[in-house]
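Structure file final_20.cif (mmCIF, C-alpha atoms) follows.
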```
data_target
loop_
_atom_site.group_PDB
_atom_site.id
_atom_site.type_symbol
_atom_site.label_atom_id
_atom_site.label_comp_id
_atom_site.auth_asym_id
_atom_site.auth_seq_id
_atom_site.Cartn_x
_atom_site.Cartn_y
_atom_site.Cartn_z
ATOM 1 C CA MET C 1 89.693 122.939 112.295
ATOM 2 C CA ALA C 2 88.646 126.468 111.403
ATOM 3 C CA LYS C 3 90.449 128.174 108.565
ATOM 4 C CA GLY C 4 93.001 130.718 109.792
ATOM 5 C CA ALA C 5 93.556 134.127 108.246
ATOM 6 C CA ASN C 6 96.611 132.988 106.273
ATOM 7 C CA ASP C 7 95.454 129.451 105.527
ATOM 8 C CA VAL C 8 94.688 128.042 102.114
ATOM 9 C CA ILE C 9 92.227 125.256 101.368
ATOM 10 C CA LEU C 10 93.285 122.793 98.691
ATOM 11 C CA ARG C 11 91.109 120.047 97.233
ATOM 12 C CA ASP C 12 91.713 117.094 94.938
ATOM 13 C CA ARG C 13 89.911 113.942 93.820
ATOM 14 C CA LEU C 14 91.753 110.679 93.213
ATOM 15 C CA GLN C 15 90.414 107.570 91.482
ATOM 16 C CA PHE C 16 91.468 103.972 92.070
ATOM 17 C CA ASP C 17 90.278 100.528 91.006
ATOM 18 C CA ILE C 18 89.081 97.639 93.160
ATOM 19 C CA ASP C 19 89.497 94.185 91.609
ATOM 20 C CA ALA C 20 86.985 91.323 91.479
ATOM 21 C CA ASN C 21 88.289 89.968 94.812
ATOM 22 C CA GLY C 22 87.614 93.281 96.536
ATOM 23 C CA ASP C 23 91.307 94.141 96.761
ATOM 24 C CA THR C 24 93.447 97.133 95.856
ATOM 25 C CA ALA C 25 97.185 96.746 96.283
ATOM 26 C CA LEU C 26 98.828 99.878 97.695
ATOM 27 C CA VAL C 27 98.570 102.698 95.159
ATOM 28 C CA TYR C 28 99.346 106.416 95.379
ATOM 29 C CA GLY C 29 97.902 109.632 94.114
ATOM 30 C CA ARG C 30 99.912 112.849 94.143
ATOM 31 C CA ILE C 31 98.651 116.224 95.392
ATOM 32 C CA ASP C 32 100.497 118.893 93.399
ATOM 33 C CA LEU C 33 101.749 121.580 95.786
ATOM 34 C CA SER C 34 104.224 123.189 93.370
ATOM 35 C CA ASP C 35 102.432 126.555 93.576
ATOM 36 C CA TYR C 36 103.199 126.700 97.298
ATOM 37 C CA VAL C 37 106.460 124.833 97.922
ATOM 38 C CA SER C 38 110.022 125.353 96.709
ATOM 39 C CA ILE C 39 113.243 124.543 98.514
ATOM 40 C CA VAL C 40 115.144 127.007 96.311
ATOM 41 C CA GLU C 41 112.769 129.834 97.248
ATOM 42 C CA ASN C 42 112.452 128.689 100.891
ATOM 43 C CA LYS C 43 108.695 128.239 100.406
ATOM 44 C CA GLY C 44 106.798 125.570 102.274
ATOM 45 C CA LEU C 45 103.414 124.642 103.660
ATOM 46 C CA ALA C 46 102.463 123.806 107.220
ATOM 47 C CA ILE C 47 99.673 121.278 106.663
ATOM 48 C CA LYS C 48 97.270 121.627 109.574
ATOM 49 C CA GLU C 49 94.424 119.368 108.508
ATOM 50 C CA VAL C 50 93.852 116.548 106.030
ATOM 51 C CA ARG C 51 90.339 115.255 105.419
ATOM 52 C CA PHE C 52 89.367 112.198 103.365
ATOM 53 C CA GLN C 53 85.969 111.336 101.896
ATOM 54 C CA LEU C 54 85.590 107.949 100.246
ATOM 55 C CA ARG C 55 83.077 107.860 97.404
ATOM 56 C CA THR C 56 81.478 105.151 95.282
ATOM 57 C CA ALA C 57 80.039 105.513 91.796
ATOM 58 C CA THR C 58 76.731 103.956 92.834
ATOM 59 C CA ALA C 59 73.803 106.313 92.227
ATOM 60 C CA ALA C 60 71.482 104.108 94.298
ATOM 61 C CA THR C 61 73.431 105.067 97.440
ATOM 62 C CA ASN C 62 74.163 108.674 96.418
ATOM 63 C CA GLY C 63 77.831 107.774 96.163
ATOM 64 C CA VAL C 64 78.075 107.040 99.899
ATOM 65 C CA TRP C 65 80.750 104.504 100.879
ATOM 66 C CA PRO C 66 79.193 101.360 102.434
ATOM 67 C CA ASN C 67 79.613 100.906 106.158
ATOM 68 C CA LEU C 68 80.027 97.140 105.742
ATOM 69 C CA MET C 69 82.528 96.506 102.966
ATOM 70 C CA SER C 70 82.118 92.746 102.416
ATOM 71 C CA ASP C 71 79.419 90.815 100.541
ATOM 72 C CA LEU C 72 76.147 90.911 102.475
ATOM 73 C CA THR C 73 74.385 88.093 100.593
ATOM 74 C CA PRO C 74 74.085 85.169 103.067
ATOM 75 C CA GLY C 75 74.185 82.535 100.331
ATOM 76 C CA ALA C 76 77.573 83.840 99.192
ATOM 77 C CA PHE C 77 79.242 82.920 102.464
ATOM 78 C CA SER C 78 81.291 79.746 102.506
ATOM 79 C CA ALA C 79 82.766 80.478 105.930
ATOM 80 C CA THR C 80 81.461 82.112 109.067
ATOM 81 C CA PHE C 81 83.827 85.055 109.540
ATOM 82 C CA TYR C 82 84.736 87.765 107.045
ATOM 83 C CA GLU C 83 86.773 90.893 107.571
ATOM 84 C CA SER C 84 87.375 93.764 105.174
ATOM 85 C CA TYR C 85 90.141 96.339 105.539
ATOM 86 C CA LEU C 86 90.841 99.792 104.175
ATOM 87 C CA LYS C 87 93.691 102.197 104.890
ATOM 88 C CA VAL C 88 94.186 105.720 103.515
ATOM 89 C CA PHE C 89 97.088 107.945 104.517
ATOM 90 C CA ALA C 90 98.970 111.111 103.611
ATOM 91 C CA SER C 91 102.754 111.016 103.432
ATOM 92 C CA THR C 92 105.761 112.574 101.752
ATOM 93 C CA THR C 93 107.372 109.122 101.483
ATOM 94 C CA ALA C 94 106.182 106.341 99.159
ATOM 95 C CA TYR C 95 106.088 103.206 101.302
ATOM 96 C CA GLU C 96 106.298 99.877 99.484
ATOM 97 C CA LEU C 97 104.180 97.963 102.029
ATOM 98 C CA VAL C 98 100.980 99.364 103.495
ATOM 99 C CA GLU C 99 101.515 97.387 106.701
ATOM 100 C CA ASP C 100 104.579 99.569 107.370
ATOM 101 C CA VAL C 101 102.429 102.707 107.541
ATOM 102 C CA ALA C 102 101.288 103.894 110.963
ATOM 103 C CA ILE C 103 101.335 107.036 113.072
ATOM 104 C CA GLY C 104 104.938 106.340 114.122
ATOM 105 C CA SER C 105 106.183 105.991 110.547
ATOM 106 C CA PRO C 106 108.484 108.769 109.283
ATOM 107 C CA ASN C 107 106.892 111.422 107.061
ATOM 108 C CA VAL C 108 103.327 110.198 107.668
ATOM 109 C CA LEU C 109 100.928 113.079 108.322
ATOM 110 C CA CYS C 110 97.747 111.146 109.065
ATOM 111 C CA VAL C 111 96.184 107.698 108.754
ATOM 112 C CA PHE C 112 92.548 106.683 108.255
ATOM 113 C CA GLU C 113 91.610 103.048 108.907
ATOM 114 C CA LYS C 114 88.304 101.265 108.376
ATOM 115 C CA GLN C 115 87.479 97.645 109.140
ATOM 116 C CA SER C 116 84.196 95.784 108.857
ATOM 117 C CA THR C 117 83.363 92.302 110.135
ATOM 118 C CA VAL C 118 80.552 89.975 109.122
ATOM 119 C CA ILE C 119 79.722 86.775 111.006
ATOM 120 C CA ALA C 120 77.406 84.569 108.995
ATOM 121 C CA ASP C 121 76.148 81.077 108.397
ATOM 122 C CA PRO C 122 75.165 79.891 104.898
ATOM 123 C CA ALA C 123 72.018 78.286 106.307
ATOM 124 C CA GLN C 124 70.989 80.922 108.832
ATOM 125 C CA GLY C 125 72.184 84.057 107.046
ATOM 126 C CA LEU C 126 73.816 87.029 108.717
ATOM 127 C CA LEU C 127 74.326 86.578 112.435
ATOM 128 C CA ALA C 128 76.298 89.681 113.369
ATOM 129 C CA VAL C 129 77.954 92.671 111.722
ATOM 130 C CA ASP C 130 80.361 95.266 113.041
ATOM 131 C CA SER C 131 82.248 98.230 111.641
ATOM 132 C CA TYR C 132 85.167 100.229 112.987
ATOM 133 C CA GLU C 133 86.925 103.297 111.677
ATOM 134 C CA HIS C 134 89.453 105.703 113.093
ATOM 135 C CA MET C 135 91.203 108.806 111.845
ATOM 136 C CA PHE C 136 94.603 109.547 113.311
ATOM 137 C CA GLY C 137 94.451 113.153 112.171
ATOM 138 C CA THR C 138 97.001 115.853 111.545
ATOM 139 C CA PRO C 139 95.918 117.987 114.566
ATOM 140 C CA ASP C 140 96.485 114.957 116.804
ATOM 141 C CA LEU C 141 99.907 114.072 115.379
ATOM 142 C CA HIS C 142 101.188 117.532 114.377
ATOM 143 C CA PRO C 143 99.225 120.243 116.226
ATOM 144 C CA GLU C 144 101.296 123.104 114.766
ATOM 145 C CA GLY C 145 101.057 121.711 111.249
ATOM 146 C CA TYR C 146 103.327 119.373 109.330
ATOM 147 C CA ASP C 147 105.886 121.257 107.231
ATOM 148 C CA VAL C 148 106.287 120.068 103.643
ATOM 149 C CA VAL C 149 108.486 121.278 100.799
ATOM 150 C CA THR C 150 107.374 118.643 98.266
ATOM 151 C CA ASP C 151 104.163 117.296 96.792
ATOM 152 C CA LEU C 152 101.971 115.185 99.056
ATOM 153 C CA LEU C 153 101.266 111.504 98.426
ATOM 154 C CA ILE C 154 97.921 109.898 99.253
ATOM 155 C CA GLY C 155 98.222 106.125 99.660
ATOM 156 C CA ILE C 156 95.326 103.697 99.724
ATOM 157 C CA ALA C 157 94.936 99.932 100.019
ATOM 158 C CA LEU C 158 91.917 97.630 100.441
ATOM 159 C CA GLN C 159 91.459 93.961 101.171
ATOM 160 C CA ASN C 160 88.364 91.732 100.865
ATOM 161 C CA CYS C 161 85.971 94.593 100.078
ATOM 162 C CA THR C 162 83.530 92.361 98.192
ATOM 163 C CA ASN C 163 80.425 94.505 98.624
ATOM 164 C CA ASP C 164 78.783 94.871 95.189
ATOM 165 C CA GLN C 165 79.172 98.647 95.436
ATOM 166 C CA LEU C 166 82.952 98.196 95.616
ATOM 167 C CA LYS C 167 84.339 95.106 93.886
ATOM 168 C CA SER C 168 85.279 95.503 90.218
ATOM 169 C CA LYS C 169 84.545 99.216 90.488
ATOM 170 C CA THR C 170 86.447 102.462 90.010
ATOM 171 C CA VAL C 171 85.933 104.501 93.168
ATOM 172 C CA GLU C 172 87.230 107.782 94.491
ATOM 173 C CA VAL C 173 88.733 109.470 97.498
ATOM 174 C CA ASP C 174 88.310 113.221 97.902
ATOM 175 C CA VAL C 175 91.059 115.032 99.787
ATOM 176 C CA MET C 176 90.871 118.437 101.444
ATOM 177 C CA LEU C 177 93.900 120.164 102.968
ATOM 178 C CA ILE C 178 94.020 123.189 105.244
ATOM 179 C CA ALA C 179 97.541 124.581 105.189
ATOM 180 C CA GLU C 180 99.453 127.746 105.928
ATOM 181 C CA PRO C 181 102.174 128.978 103.548
ATOM 182 C CA LYS C 182 105.386 129.667 105.439
ATOM 183 C CA LYS C 183 109.020 130.566 104.988
ATOM 184 C CA ILE C 184 111.191 127.495 105.442
ATOM 185 C CA THR C 185 114.387 128.048 107.393
ATOM 186 C CA GLN C 186 117.480 125.870 107.612
ATOM 187 C CA LYS C 187 116.288 124.843 111.075
ATOM 188 C CA ASP C 188 112.975 123.674 109.566
ATOM 189 C CA LEU C 189 114.805 121.644 106.907
ATOM 190 C CA THR C 190 117.011 120.040 109.557
ATOM 191 C CA GLN C 191 113.938 119.145 111.611
ATOM 192 C CA MET C 192 112.281 117.552 108.547
ATOM 193 C CA LEU C 193 115.397 115.470 107.940
ATOM 194 C CA THR C 194 115.456 114.409 111.591
ATOM 195 C CA GLN C 195 111.789 113.388 111.488
ATOM 196 C CA ALA C 196 112.422 111.341 108.360
ATOM 197 C CA GLN C 197 115.086 109.354 110.203
ATOM 198 C CA ASP C 198 113.174 108.856 113.468
ATOM 199 C CA LEU C 199 112.621 105.126 112.914
#
```

Translate the structure of the given file into structure tokens.
Amino acid sequence: MAKGANDVILRDRLQFDIDANGDTALVYGRIDLSDYVSIVENKGLAIKEVRFQLRTATAATNGVWPNLMSDLTPGAFSATFYESYLKVFASTTAYELVEDVAIGSPNVLCVFEKQSTVIADPAQGLLAVDSYEHMFGTPDLHPEGYDVVTDLLIGIALQNCTNDQLKSKTVEVDVMLIAEPKKITQKDLTQMLTQAQDL
């Protein structure tokens, strides 16, 4: 999305840890929007675009997140089918369970999902690999922008990401927002409350 005349671009970088099993239980980072939002002053932001970039700390790969997130060493496989999962989302509500977060969930602006699959045999090595990712973006879900009057939460969770670039590592997600400052009316506040109670 191109930046509009009144839009602001906000950036932040959040760090999170992946354990030795390749897992990260749902954790949140907070994007401070206090310079732009205030219910008392009727100040808000219409968030038009949210972009995520996942980053590793591995210099050998220039910090690029691996396409296949599980262990790729054939001898490490004790089964024939491995799947790895990652979900990143922006929300104004802190969900307790990541499986409750989807595009129909109240106060969710966007959701990024990535899944990789490895089919292997300990004797024969890797037989097949596949990777899938999808961004349910803000322009798709909220074409006019998603109005916020609070800070924004970025949630992330991973499962079975045993690639050596990921497990037992501190990694990062960069976040970029394109948003338009706006005056929040009582009608806008009522609409926000209604959206929060949709489900």

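The two atoms in question, CA of Ser38 in chain C and CA of Tyr146 in chain C, are spaced 15.5 Å apart.
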
When you look at Leu141 in chain C with a cut-off of 8 Å (counting all atoms listed in the file), what residues show up, excluding the ones that are within fewer than 3 positions of it in the same chain? I need them as a PDB file with C-alpha atoms, in the coordinates of the input.
```
ATOM      1  CA  ILE C 103     101.335 107.036 113.072  1.00  0.00           C
ATOM      2  CA  LEU C 109     100.928 113.079 108.322  1.00  0.00           C
ATOM      3  CA  CYS C 110      97.747 111.146 109.065  1.00  0.00           C
ATOM      4  CA  PHE C 136      94.603 109.547 113.311  1.00  0.00           C
ATOM      5  CA  GLY C 137      94.451 113.153 112.171  1.00  0.00           C
ATOM      6  CA  THR C 138      97.001 115.853 111.545  1.00  0.00           C
TER       7      THR C 138
END
```

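Ranking C:Thr117, C:Gln15, C:Gln159, C:Ser70 by their shortest atom-to-atom distance to Gln53 in chain C, with all atoms listed in the file included, puts C:Gln15 first.
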
Where does range 109-162 of chain C meet range 31-37 of chain C within 6 Å, residue by residue, with the nearest atom pair and distance in Å to one decimal for each, counting all atoms listed in the file, listed by chain and rising number, as CSV?
```
residue,atom,partner,partner_atom,distance
C:Val149,CA,C:Val37,CA,5.0
C:Asp151,CA,C:Leu33,CA,5.0
C:Leu152,CA,C:Ile31,CA,5.1
```

| task | Apply the PyMOL selection byres ((chain C and resi 115) around 6) to the file shown and report the selected residues as a PyMOL selection string. | result | chain C and resi 84-85+114+116+131-132

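Interatomic distance, CA of Leu14 in chain C to CA of Val88 in chain C: 11.7 Å.
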
| Chain and number of each residue from the PyMOL selection byres ((chain C and resi 57-66) around 9), as a list in words | Gln53, Leu54, Arg55, Thr56, Asn67, Leu68, Met69, Asn163, Gln165, Leu166, Lys169, Thr170, Val171 and Glu172 of chain C

Take range 156-186 of chain C, model N, CA and C atoms, and hand the result over as a PDB file, keeping the file's coordinate frame.
```pdb
ATOM      1  N   ILE C 156      96.545 104.415  99.369  1.00  0.00           N
ATOM      2  CA  ILE C 156      95.326 103.697  99.724  1.00  0.00           C
ATOM      3  C   ILE C 156      95.489 102.226  99.383  1.00  0.00           C
ATOM      4  N   ALA C 157      94.931 101.378 100.253  1.00  0.00           N
ATOM      5  CA  ALA C 157      94.936  99.932 100.019  1.00  0.00           C
ATOM      6  C   ALA C 157      93.671  99.343 100.627  1.00  0.00           C
ATOM      7  N   LEU C 158      93.113  98.308  99.963  1.00  0.00           N
ATOM      8  CA  LEU C 158      91.917  97.630 100.441  1.00  0.00           C
ATOM      9  C   LEU C 158      92.118  96.130 100.336  1.00  0.00           C
ATOM     10  N   GLN C 159      91.420  95.417 101.219  1.00  0.00           N
ATOM     11  CA  GLN C 159      91.459  93.961 101.171  1.00  0.00           C
ATOM     12  C   GLN C 159      90.074  93.406 101.503  1.00  0.00           C
ATOM     13  N   ASN C 160      89.605  92.471 100.644  1.00  0.00           N
ATOM     14  CA  ASN C 160      88.364  91.732 100.865  1.00  0.00           C
ATOM     15  C   ASN C 160      87.135  92.638 100.926  1.00  0.00           C
ATOM     16  N   CYS C 161      87.133  93.699 100.136  1.00  0.00           N
ATOM     17  CA  CYS C 161      85.971  94.593 100.078  1.00  0.00           C
ATOM     18  C   CYS C 161      85.062  94.126  98.953  1.00  0.00           C
ATOM     19  N   THR C 162      84.300  93.056  99.222  1.00  0.00           N
ATOM     20  CA  THR C 162      83.530  92.361  98.192  1.00  0.00           C
ATOM     21  C   THR C 162      82.094  92.848  98.073  1.00  0.00           C
ATOM     22  N   ASN C 163      81.745  93.901  98.790  1.00  0.00           N
ATOM     23  CA  ASN C 163      80.425  94.505  98.624  1.00  0.00           C
ATOM     24  C   ASN C 163      80.240  94.870  97.147  1.00  0.00           C
ATOM     25  N   ASP C 164      79.037  94.631  96.608  1.00  0.00           N
ATOM     26  CA  ASP C 164      78.783  94.871  95.189  1.00  0.00           C
ATOM     27  C   ASP C 164      78.989  96.324  94.779  1.00  0.00           C
ATOM     28  N   GLN C 165      78.915  97.244  95.740  1.00  0.00           N
ATOM     29  CA  GLN C 165      79.172  98.647  95.436  1.00  0.00           C
ATOM     30  C   GLN C 165      80.663  98.930  95.235  1.00  0.00           C
ATOM     31  N   LEU C 166      81.515  97.960  95.621  1.00  0.00           N
ATOM     32  CA  LEU C 166      82.952  98.196  95.616  1.00  0.00           C
ATOM     33  C   LEU C 166      83.721  97.310  94.643  1.00  0.00           C
ATOM     34  N   LYS C 167      83.504  96.003  94.681  1.00  0.00           N
ATOM     35  CA  LYS C 167      84.339  95.106  93.886  1.00  0.00           C
ATOM     36  C   LYS C 167      84.143  95.356  92.389  1.00  0.00           C
ATOM     37  N   SER C 168      85.253  95.270  91.674  1.00  0.00           N
ATOM     38  CA  SER C 168      85.279  95.503  90.218  1.00  0.00           C
ATOM     39  C   SER C 168      84.815  96.905  89.844  1.00  0.00           C
ATOM     40  N   LYS C 169      84.984  97.848  90.745  1.00  0.00           N
ATOM     41  CA  LYS C 169      84.545  99.216  90.488  1.00  0.00           C
ATOM     42  C   LYS C 169      85.739 100.191  90.525  1.00  0.00           C
ATOM     43  N   THR C 170      85.556 101.312  89.848  1.00  0.00           N
ATOM     44  CA  THR C 170      86.447 102.462  90.010  1.00  0.00           C
ATOM     45  C   THR C 170      85.786 103.384  91.019  1.00  0.00           C
ATOM     46  N   VAL C 171      86.482 103.671  92.098  1.00  0.00           N
ATOM     47  CA  VAL C 171      85.933 104.501  93.168  1.00  0.00           C
ATOM     48  C   VAL C 171      86.858 105.694  93.403  1.00  0.00           C
ATOM     49  N   GLU C 172      86.488 106.535  94.328  1.00  0.00           N
ATOM     50  CA  GLU C 172      87.230 107.782  94.491  1.00  0.00           C
ATOM     51  C   GLU C 172      87.473 108.101  95.959  1.00  0.00           C
ATOM     52  N   VAL C 173      88.515 108.872  96.187  1.00  0.00           N
ATOM     53  CA  VAL C 173      88.733 109.470  97.498  1.00  0.00           C
ATOM     54  C   VAL C 173      88.957 110.964  97.279  1.00  0.00           C
ATOM     55  N   ASP C 174      88.130 111.773  97.931  1.00  0.00           N
ATOM     56  CA  ASP C 174      88.310 113.221  97.902  1.00  0.00           C
ATOM     57  C   ASP C 174      89.238 113.610  99.047  1.00  0.00           C
ATOM     58  N   VAL C 175      90.086 114.584  98.790  1.00  0.00           N
ATOM     59  CA  VAL C 175      91.059 115.032  99.787  1.00  0.00           C
ATOM     60  C   VAL C 175      90.935 116.541  99.940  1.00  0.00           C
ATOM     61  N   MET C 176      90.850 117.006 101.175  1.00  0.00           N
ATOM     62  CA  MET C 176      90.871 118.437 101.444  1.00  0.00           C
ATOM     63  C   MET C 176      91.998 118.739 102.428  1.00  0.00           C
ATOM     64  N   LEU C 177      92.800 119.740 102.097  1.00  0.00           N
ATOM     65  CA  LEU C 177      93.900 120.164 102.968  1.00  0.00           C
ATOM     66  C   LEU C 177      93.640 121.580 103.452  1.00  0.00           C
ATOM     67  N   ILE C 178      93.921 121.824 104.722  1.00  0.00           N
ATOM     68  CA  ILE C 178      94.020 123.189 105.244  1.00  0.00           C
ATOM     69  C   ILE C 178      95.476 123.389 105.608  1.00  0.00           C
ATOM     70  N   ALA C 179      96.102 124.389 104.999  1.00  0.00           N
ATOM     71  CA  ALA C 179      97.541 124.581 105.189  1.00  0.00           C
ATOM     72  C   ALA C 179      97.882 126.062 105.216  1.00  0.00           C
ATOM     73  N   GLU C 180      98.988 126.358 105.842  1.00  0.00           N
ATOM     74  CA  GLU C 180      99.453 127.746 105.928  1.00  0.00           C
ATOM     75  C   GLU C 180     100.794 127.873 105.209  1.00  0.00           C
ATOM     76  N   PRO C 181     100.874 128.731 104.185  1.00  0.00           N
ATOM     77  CA  PRO C 181     102.174 128.978 103.548  1.00  0.00           C
ATOM     78  C   PRO C 181     103.147 129.570 104.561  1.00  0.00           C
ATOM     79  N   LYS C 182     104.404 129.163 104.486  1.00  0.00           N
ATOM     80  CA  LYS C 182     105.386 129.667 105.439  1.00  0.00           C
ATOM     81  C   LYS C 182     106.768 129.710 104.804  1.00  0.00           C
ATOM     82  N   LYS C 183     107.620 130.500 105.396  1.00  0.00           N
ATOM     83  CA  LYS C 183     109.020 130.566 104.988  1.00  0.00           C
ATOM     84  C   LYS C 183     109.755 129.419 105.671  1.00  0.00           C
ATOM     85  N   ILE C 184     110.467 128.638 104.899  1.00  0.00           N
ATOM     86  CA  ILE C 184     111.191 127.495 105.442  1.00  0.00           C
ATOM     87  C   ILE C 184     112.632 127.894 105.744  1.00  0.00           C
ATOM     88  N   THR C 185     113.025 127.717 106.978  1.00  0.00           N
ATOM     89  CA  THR C 185     114.387 128.048 107.393  1.00  0.00           C
ATOM     90  C   THR C 185     115.263 126.796 107.365  1.00  0.00           C
ATOM     91  N   GLN C 186     116.559 127.006 107.535  1.00  0.00           N
ATOM     92  CA  GLN C 186     117.480 125.870 107.612  1.00  0.00           C
ATOM     93  C   GLN C 186     117.147 124.987 108.810  1.00  0.00           C
TER      94      GLN C 186
END
```
